[in-house]
Each structure stands twice: as C-alpha cells, then as structure tokens.
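Below is upload32.txt, holding compact mmCIF, C-alpha atoms.
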# COMPACT_ATOMS: atom_id res chain seq x y z
CA MET A 1 9.41 -15.15 -3.08
CA ARG A 2 10.53 -14.88 0.52
CA ILE A 3 8.70 -12.85 3.18
CA LEU A 4 10.60 -10.67 5.63
CA HIS A 5 8.35 -9.50 8.46
CA LEU A 6 9.20 -6.12 9.99
CA ALA A 7 7.53 -5.03 13.25
CA LEU A 8 7.87 -1.51 14.63
CA LYS A 9 6.55 -0.58 18.07
CA PRO A 10 7.25 2.54 20.19
CA ILE A 11 8.69 1.84 23.66
CA GLY A 12 8.30 4.76 26.00
CA ASP A 13 9.03 8.26 24.78
CA ASP A 14 12.54 7.79 23.42
CA TYR A 15 12.77 4.61 21.37
CA ALA A 16 10.95 2.25 19.06
CA GLU A 17 11.73 -1.46 18.87
CA PHE A 18 12.43 -2.76 15.36
CA ARG A 19 12.04 -6.54 15.04
CA TYR A 20 12.52 -8.51 11.84
CA PHE A 21 12.27 -12.20 11.04
CA TRP A 22 11.64 -14.58 8.14
CA GLU A 23 9.36 -17.62 8.69
CA ASN A 24 9.54 -18.06 12.47
CA PRO A 25 8.41 -15.10 14.64
CA ASN A 26 10.36 -16.55 17.56
CA GLU A 27 13.63 -16.29 15.61
CA TYR A 28 13.74 -12.53 15.31
CA GLN A 29 16.46 -9.93 15.48
CA SER A 30 15.83 -6.70 17.31
CA ARG A 31 17.30 -3.22 17.58
CA HIS A 32 16.17 0.14 18.93
CA LEU A 33 15.57 3.28 16.88
CA ALA A 34 15.51 6.80 18.26
CA LEU A 35 12.02 8.29 18.25
CA SER A 36 13.54 11.70 17.62
CA GLU A 37 14.55 10.47 14.15
CA ILE A 38 11.11 8.98 13.59
CA SER A 39 9.45 12.23 14.62
CA GLY A 40 11.44 14.10 12.02
CA LEU A 41 10.50 11.61 9.32
CA MET A 42 6.83 11.82 10.27
CA GLN A 43 6.89 15.59 10.10
CA ARG A 44 8.51 15.52 6.67
CA ALA A 45 5.96 12.95 5.50
CA GLU A 46 3.14 15.22 6.68
CA GLU A 47 4.60 18.29 4.95
CA GLN A 48 6.26 16.77 1.89
CA TYR A 49 4.49 13.49 1.10
CA TYR A 50 0.79 13.80 1.95
CA THR A 51 0.46 16.98 -0.08
CA THR A 52 -0.70 18.00 -3.55
CA LEU A 53 2.91 18.74 -4.53
CA PRO A 54 4.98 16.24 -2.53
CA GLU A 55 8.71 16.16 -2.14
CA ASP A 56 10.48 13.82 -4.52
CA TYR A 57 9.36 10.33 -3.50
CA GLY A 58 12.90 9.03 -3.82
CA LYS A 59 14.14 11.37 -1.10
CA THR A 60 11.34 10.37 1.26
CA GLY A 61 11.88 6.68 0.55
CA GLN A 62 15.62 6.91 1.00
CA ALA A 63 15.24 8.66 4.35
CA LEU A 64 12.96 5.87 5.54
CA TYR A 65 15.26 3.15 4.26
CA ASN A 66 18.36 4.68 5.86
CA TRP A 67 16.54 5.01 9.18
CA LEU A 68 15.61 1.30 9.16
CA ASP A 69 19.00 0.22 7.87
CA GLY A 70 21.12 2.15 10.38
CA THR A 71 24.88 2.52 10.28
CA ASP A 72 25.32 -1.25 10.67
CA ARG A 73 23.21 -1.98 7.54
CA HIS A 74 20.92 -4.45 9.32
CA LEU A 75 18.15 -4.30 6.73
CA GLU A 76 20.54 -4.51 3.79
CA LEU A 77 22.21 -7.62 5.22
CA ALA A 78 18.85 -9.29 5.78
CA LEU A 79 17.65 -8.52 2.25
CA ASN A 80 20.87 -9.79 0.69
CA GLN A 81 20.11 -13.30 1.96
CA TYR A 82 17.32 -13.84 -0.57
CA ARG A 83 17.53 -10.85 -2.91
CA ARG A 84 17.78 -13.04 -6.01
CA GLU A 85 14.50 -14.78 -5.16
CA GLY A 86 12.35 -11.67 -4.73
CA ILE A 87 11.14 -10.50 -1.33
CA VAL A 88 7.93 -9.25 0.24
CA LEU A 89 8.47 -6.81 3.10
CA ALA A 90 5.51 -7.33 5.46
CA ILE A 91 5.55 -4.20 7.61
CA SER A 92 3.63 -3.94 10.87
CA ALA A 93 3.72 -0.55 12.57
CA SER A 94 1.75 0.78 15.51
CA GLN A 95 0.69 4.21 16.74
CA GLY A 96 2.18 7.09 14.75
CA LEU A 97 4.53 4.81 12.82
CA THR A 98 1.66 3.65 10.61
CA HIS A 99 1.66 7.14 9.13
CA LEU A 100 4.99 6.72 7.35
CA PRO A 101 4.84 5.98 3.57
CA TRP A 102 6.54 2.58 3.51
CA GLU A 103 5.53 1.97 -0.09
CA VAL A 104 8.23 4.37 -1.37
CA LEU A 105 11.22 2.69 0.34
CA HIS A 106 14.32 3.51 -1.71
CA ASP A 107 17.84 2.13 -1.18
CA GLY A 108 19.62 5.09 -2.79
CA LYS A 109 19.69 3.45 -6.22
CA GLN A 110 16.10 2.43 -6.88
CA PHE A 111 12.71 2.12 -5.27
CA LEU A 112 12.57 -1.38 -3.82
CA VAL A 113 9.53 -2.21 -5.95
CA GLN A 114 11.51 -1.36 -9.12
CA GLN A 115 14.31 -3.81 -8.47
CA LEU A 116 14.57 -7.09 -10.35
CA PRO A 117 13.47 -9.28 -8.69
CA ALA A 118 11.26 -6.81 -6.85
CA ILE A 119 11.25 -6.15 -3.11
CA ILE A 120 7.61 -5.34 -2.35
CA PRO A 121 6.59 -3.46 0.83
CA VAL A 122 3.10 -4.35 2.07
CA ARG A 123 1.21 -3.52 5.26
CA TRP A 124 0.84 -6.41 7.68
CA LEU A 125 -1.63 -6.23 10.56
CA PRO A 126 -0.10 -7.97 13.61
CA ASP A 127 -3.40 -9.45 14.77
CA ARG A 128 -3.70 -11.36 11.49
CA PRO A 129 -1.86 -14.58 10.58
CA LEU A 130 1.65 -14.30 9.21
CA LEU A 131 1.82 -13.80 5.47
CA THR A 132 2.53 -16.90 3.41
CA MET A 133 3.14 -17.43 -0.27
CA GLU A 134 0.12 -19.23 -1.72
CA ASN A 135 -0.30 -21.32 -4.85
CA GLN A 136 1.54 -20.58 -8.06
CA PRO A 137 -0.15 -17.96 -10.27
CA ALA A 138 -2.64 -19.21 -12.84
CA ASN A 139 -1.36 -19.58 -16.37
CA ARG A 140 -3.51 -16.82 -17.86
CA ALA A 141 -3.66 -13.07 -18.30
CA LEU A 142 -3.89 -10.83 -15.23
CA ASN A 143 -7.50 -9.62 -14.91
CA VAL A 144 -7.88 -6.03 -13.69
CA VAL A 145 -11.08 -4.10 -13.00
CA PHE A 146 -10.48 -0.34 -13.27
CA MET A 147 -12.91 2.33 -12.03
CA ALA A 148 -12.29 6.07 -12.07
CA THR A 149 -14.54 8.50 -10.18
CA ALA A 150 -15.20 12.13 -11.10
CA PRO A 151 -18.22 13.42 -9.15
CA ARG A 152 -19.51 16.93 -9.74
CA GLY A 153 -18.03 19.65 -7.55
CA ILE A 154 -14.89 17.76 -6.51
CA GLU A 155 -11.64 19.47 -7.45
CA PRO A 156 -9.06 19.26 -8.85
CA GLU A 157 -9.97 17.29 -11.95
CA LEU A 158 -7.79 14.24 -12.52
CA ASP A 159 -6.53 12.84 -15.82
CA TYR A 160 -7.98 9.35 -15.63
CA GLU A 161 -7.34 8.54 -19.28
CA ALA A 162 -3.63 9.18 -18.70
CA GLU A 163 -3.62 6.87 -15.67
CA GLU A 164 -5.34 4.12 -17.61
CA GLY A 165 -2.82 4.67 -20.40
CA ARG A 166 0.08 4.35 -17.97
CA ILE A 167 -1.30 1.03 -16.71
CA LEU A 168 -1.47 -0.29 -20.26
CA ALA A 169 1.99 1.04 -21.11
CA ALA A 170 3.55 -0.47 -17.98
CA THR A 171 2.04 -3.88 -18.76
CA GLU A 172 2.34 -3.89 -22.55
CA ARG A 173 4.77 -6.82 -22.48
CA ARG A 174 2.68 -8.79 -20.02
CA PRO A 175 -0.68 -10.48 -20.63
CA LEU A 176 -3.36 -8.20 -19.16
CA CYS A 177 -7.13 -8.08 -19.47
CA LEU A 178 -8.40 -4.65 -18.38
CA THR A 179 -12.11 -4.21 -17.69
CA VAL A 180 -13.21 -0.58 -17.18
CA GLU A 181 -16.25 0.37 -15.07
CA GLU A 182 -17.30 3.64 -16.71
CA SER A 183 -19.82 5.15 -14.28
CA GLY A 184 -17.63 5.78 -11.22
CA CYS A 185 -20.53 4.52 -9.11
CA LEU A 186 -19.78 1.98 -6.39
CA GLU A 187 -23.13 0.25 -6.90
CA GLU A 188 -22.37 -0.27 -10.57
CA LEU A 189 -18.98 -1.69 -9.63
CA GLY A 190 -20.84 -4.14 -7.40
CA HIS A 191 -23.06 -5.18 -10.31
CA LEU A 192 -19.99 -5.70 -12.49
CA ILE A 193 -18.30 -7.85 -9.84
CA GLU A 194 -21.53 -9.80 -9.41
CA ASP A 195 -21.42 -10.72 -13.09
CA LEU A 196 -17.88 -12.06 -12.72
CA GLU A 197 -16.81 -15.34 -11.20
CA ARG A 198 -14.58 -15.18 -8.12
CA GLU A 199 -11.53 -16.36 -10.05
CA ASP A 200 -12.18 -13.91 -12.89
CA PHE A 201 -10.56 -10.86 -11.28
CA ASP A 202 -7.20 -10.45 -9.62
CA VAL A 203 -6.97 -6.69 -9.10
CA VAL A 204 -9.53 -3.95 -8.43
CA HIS A 205 -8.04 -0.52 -9.21
CA LEU A 206 -9.95 2.51 -7.90
CA THR A 207 -8.74 5.97 -8.82
CA GLY A 208 -10.10 9.30 -7.65
CA HIS A 209 -10.11 11.55 -4.59
CA ALA A 210 -10.16 10.36 -0.98
CA THR A 211 -10.50 12.15 2.34
CA ILE A 212 -11.34 11.71 6.02
CA GLN A 213 -14.91 12.76 6.84
CA ASP A 214 -16.32 12.64 10.38
CA ASN A 215 -13.24 10.70 11.53
CA THR A 216 -13.88 8.06 8.85
CA PRO A 217 -11.61 7.61 5.80
CA CYS A 218 -13.61 7.65 2.58
CA PHE A 219 -13.09 7.21 -1.15
CA ILE A 220 -15.18 9.75 -3.08
CA THR A 221 -17.24 7.83 -5.64
CA GLU A 222 -20.27 8.91 -7.67
CA THR A 223 -23.99 8.47 -7.14
CA PRO A 224 -26.01 7.22 -10.14
CA TYR A 225 -26.62 10.91 -10.87
CA GLY A 226 -22.96 11.96 -10.80
CA ASP A 227 -22.92 13.60 -7.37
CA ALA A 228 -20.28 12.86 -4.72
CA HIS A 229 -20.72 9.86 -2.46
CA TYR A 230 -18.25 9.34 0.38
CA SER A 231 -17.73 5.58 0.33
CA THR A 232 -16.29 3.91 3.42
CA ALA A 233 -14.09 0.80 3.43
CA GLU A 234 -17.09 -1.22 4.62
CA GLU A 235 -19.19 -0.04 1.65
CA ILE A 236 -16.41 -0.93 -0.78
CA ALA A 237 -16.06 -4.40 0.77
CA ARG A 238 -19.83 -4.89 0.64
CA GLU A 239 -20.00 -4.05 -3.07
CA LEU A 240 -17.13 -6.47 -3.70
CA GLN A 241 -19.35 -8.98 -1.87
CA PHE A 242 -16.37 -9.67 0.38
CA GLN A 243 -14.76 -11.57 -2.48
CA THR A 244 -11.57 -9.66 -1.88
CA PRO A 245 -9.11 -9.97 -4.78
CA LYS A 246 -5.39 -10.43 -4.20
CA LEU A 247 -4.87 -6.70 -4.68
CA ILE A 248 -7.09 -3.64 -4.24
CA PHE A 249 -5.25 -0.62 -5.62
CA LEU A 250 -6.39 2.70 -4.13
CA SER A 251 -5.08 5.50 -6.31
CA GLY A 252 -6.22 8.48 -4.29
CA CYS A 253 -4.78 11.10 -1.98
CA ARG A 254 -4.61 10.07 1.69
CA THR A 255 -5.77 6.49 1.15
CA GLY A 256 -2.75 5.43 3.22
CA TYR A 257 -3.06 8.33 5.68
CA SER A 258 -3.67 7.27 9.27
CA SER A 259 -3.80 10.63 11.07
CA ARG A 260 -0.68 9.75 13.04
CA GLY A 261 -2.15 6.41 13.99
CA SER A 262 -5.27 7.65 15.77
CA ILE A 263 -7.56 6.75 12.84
CA PRO A 264 -6.84 3.68 10.67
CA SER A 265 -6.21 4.55 7.05
CA LEU A 266 -8.65 3.61 4.31
CA ALA A 267 -6.19 0.99 3.03
CA GLU A 268 -5.81 -0.43 6.53
Is it possible to express this structure as structure tokens?
Amino acid sequence: MRILHLALKPIGDDYAEFRYFWENPNEYQSRHLALSEISGLMQRAEEQYYTTLPEDYGKTGQALYNWLDGTDRHLELALNQYRREGIVLAISASQGLTHLPWEVLHDGKQFLVQQLPAIIPVRWLPDRPLLTMENQPANRALNVVFMATAPRGIEPELDYEAEEGRILAATERRPLCLTVEESGCLEELGHLIEDLEREDFDVVHLTGHATIQDNTPCFITETPYGDAHYSTAEEIARELQFQTPKLIFLSGCRTGYSSRGSIPSLAE
C-alpha cells in the first residue's frame, strides 16, 4: 500500500494550509482552504456526528471529502495515482481541525475504507516519524482481543453481543482468532495480555462508553466489583505493558473527540 500524508494547519483567521505528499515531505503540494467552510463542518460535526443520534455518516464524510477535494479535484487526482494498490491516508491536523471525523471520509459513492482496495484514513502526529509500510503480514489468522465494559450505573446499555457478532460476520471469510475478555476490567485485560506473547495479538478492541472527566479523556471500564472506573490512555497503555499492537480499536462515544483541539482525544 502507498501512504499519502495530509497536513492541515490554520494560518491566521481566514485560511488553513492543506499540504499533501507521498514519500518525501519536501515534495509536497499545497493549497489554501477557507476557514469559514471548516467552521461550518466543525459545527455540523459537533451537532450531527458526536451525538447519540448522529446525522448519516455518509453525509458527514462526503462534506469533508468535498472540502478537501475542492473544485479542482486535487485529492481525487492524487488518489488516482495509486488507487489500485491501496492507500493509507495519514492525516495530521492541528488546533480545531483535529475535531473533524476523518474516519468517515466518503467520495459520494462509498466510504473510502469500503473501497477495494481500501483507502484507509488514520491519524498521524506530525512530531512522530513519517508512516512507513512495515514487513509483510504473517501467514496466520488475525488475532483479536475483545473486551466489552458494562459497569453498574452507566447508561444507556449497549448490545455488546451484537457488536461481537458483527465482527465475526464481517470477518467470516477471513481467518480470525477472537479472544474475549469477559470481565470488562482493565486489570484483567492486563493479566490476559501478560499471558500472551508479543506476537500473539494484532488488535485490541475495547467497546463501551467514553467521556472527558476533569479535562482528561477516559474510557469507562469496570472495577473487579463491577463499578465504573474511568481509565485514562496512560492506564490502558500500562495494562498493555506498552506492547502496543498494530491496532487499538476504541468503540466508544467521543474516543476521537478533541474538544476543538484544546484537549487531545483519547485515541490521540
């Protein structure tokens, strides 16, 4: 797969610079986007995406895609260069732009992640090294650790069995080994990970409720007694023993929410 890096940075009060490049950050193309359009998208994301009953994700994703693409179809032309190989969109955004839901980018026909080969939006932190494609995947089943949390007193109740079922249905034609941590307790997840070898898990999938408490994003897990525990990103990393898998999937409200950029999201 190829990696297209996208960098978005506000300049003054009226514009944001949009840079994009493939392997070499010095060989970038640049254009300016009106912040007035971005402000409207951010407001719609706040009201129609980060809600219990969001607007259709396709509409939100298409609005974002059209804004990046512009009338001259800059993004579309760039993607067409390597579309048949599969593409990772490494998106770096600063200030309030981090708030936008890049994961639902939609070109008017499909979500980018649904295309074959897929075009996968990921968050890229600019102070980290550029993303690179690593070794070929191992010739074995994909190993996934799944933990759902349902502490007492936290509403609304979520249908975790249905989510687990959707994972199995979506991967029924692909080799998958799904290990379920039943307690919803972060400490127990740590014990499970401790029993596994580093190469034995590829994905950790956490599902439940998330929030921002005392200006800190948290995932609401369970204590050993079933009460709510507001787990920070640092606590999650510690229980994983900093053996970060290729993918940590946070299935919870506001896990990508950055409070308009003033507070980093839990995923960030």
- [ ] Check the smallest atom-to-atom distance from each of A:Phe111, A:Tyr28, A:Phe201, A:Phe18 to Gly70 of chain A using only C-alpha atoms, then report the winner.
- [x]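 Comparing A:Phe111, A:Tyr28, A:Phe201, A:Phe18 against Gly70 of chain A, the winner is A:Phe18.
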Open item on the list: Please list, as an MDAnalysis selection string, the residues that have an atom at most 7 Å away from (15.9, -12.3, -5.9) in the coordinates of this file, counting only C-alpha atoms.
Closed with: chainID A and resid 82:87 116:117
Open item on the list: When you look at segment 184-195 of chain A with a cut-off of 6 Å (counting all atoms listed in the file), what residues show up, excluding the ones that are within fewer than 3 positions of it in the same chain? I need them as a PyMOL selection string.
Closed with: chain A and resi 147-149+221-223+239-240
Taking all atoms of segment 55-63 of chain A that the file lists, what box with edges along x, y and z, padded by 8 Å per side, do you get, with centre and edge lengths in Å to one decimal, as AutoDock Vina command-line options?
--center_x 12.2 --center_y 11.4 --center_z -0.1 --size_x 22.9 --size_y 25.5 --size_z 24.9
TODO: For atom CA of Ile167 of chain A and atom CA of Thr98 of chain A, determine how far apart the two atoms are, in Å to one decimal place.
DONE: 27.6 Å
Task: Best match for closeness to Val145 of chain A among A:Thr207, A:Ser231, A:Asn26, A:Ser94, counting all atoms listed in the file - done: A:Thr207
Task: Who sits within 10 Å of Val113 of chain A, all atoms listed in the file, same chain under 3 positions skipped, as JSON, numbers by chain - done: {"A": [86, 87, 88, 103, 104, 105, 106, 110, 116, 117, 118, 119, 120, 121]}
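Atom CA of Arg31 of chain A is positioned 6.7 Å from atom CA of Arg19 of chain A.
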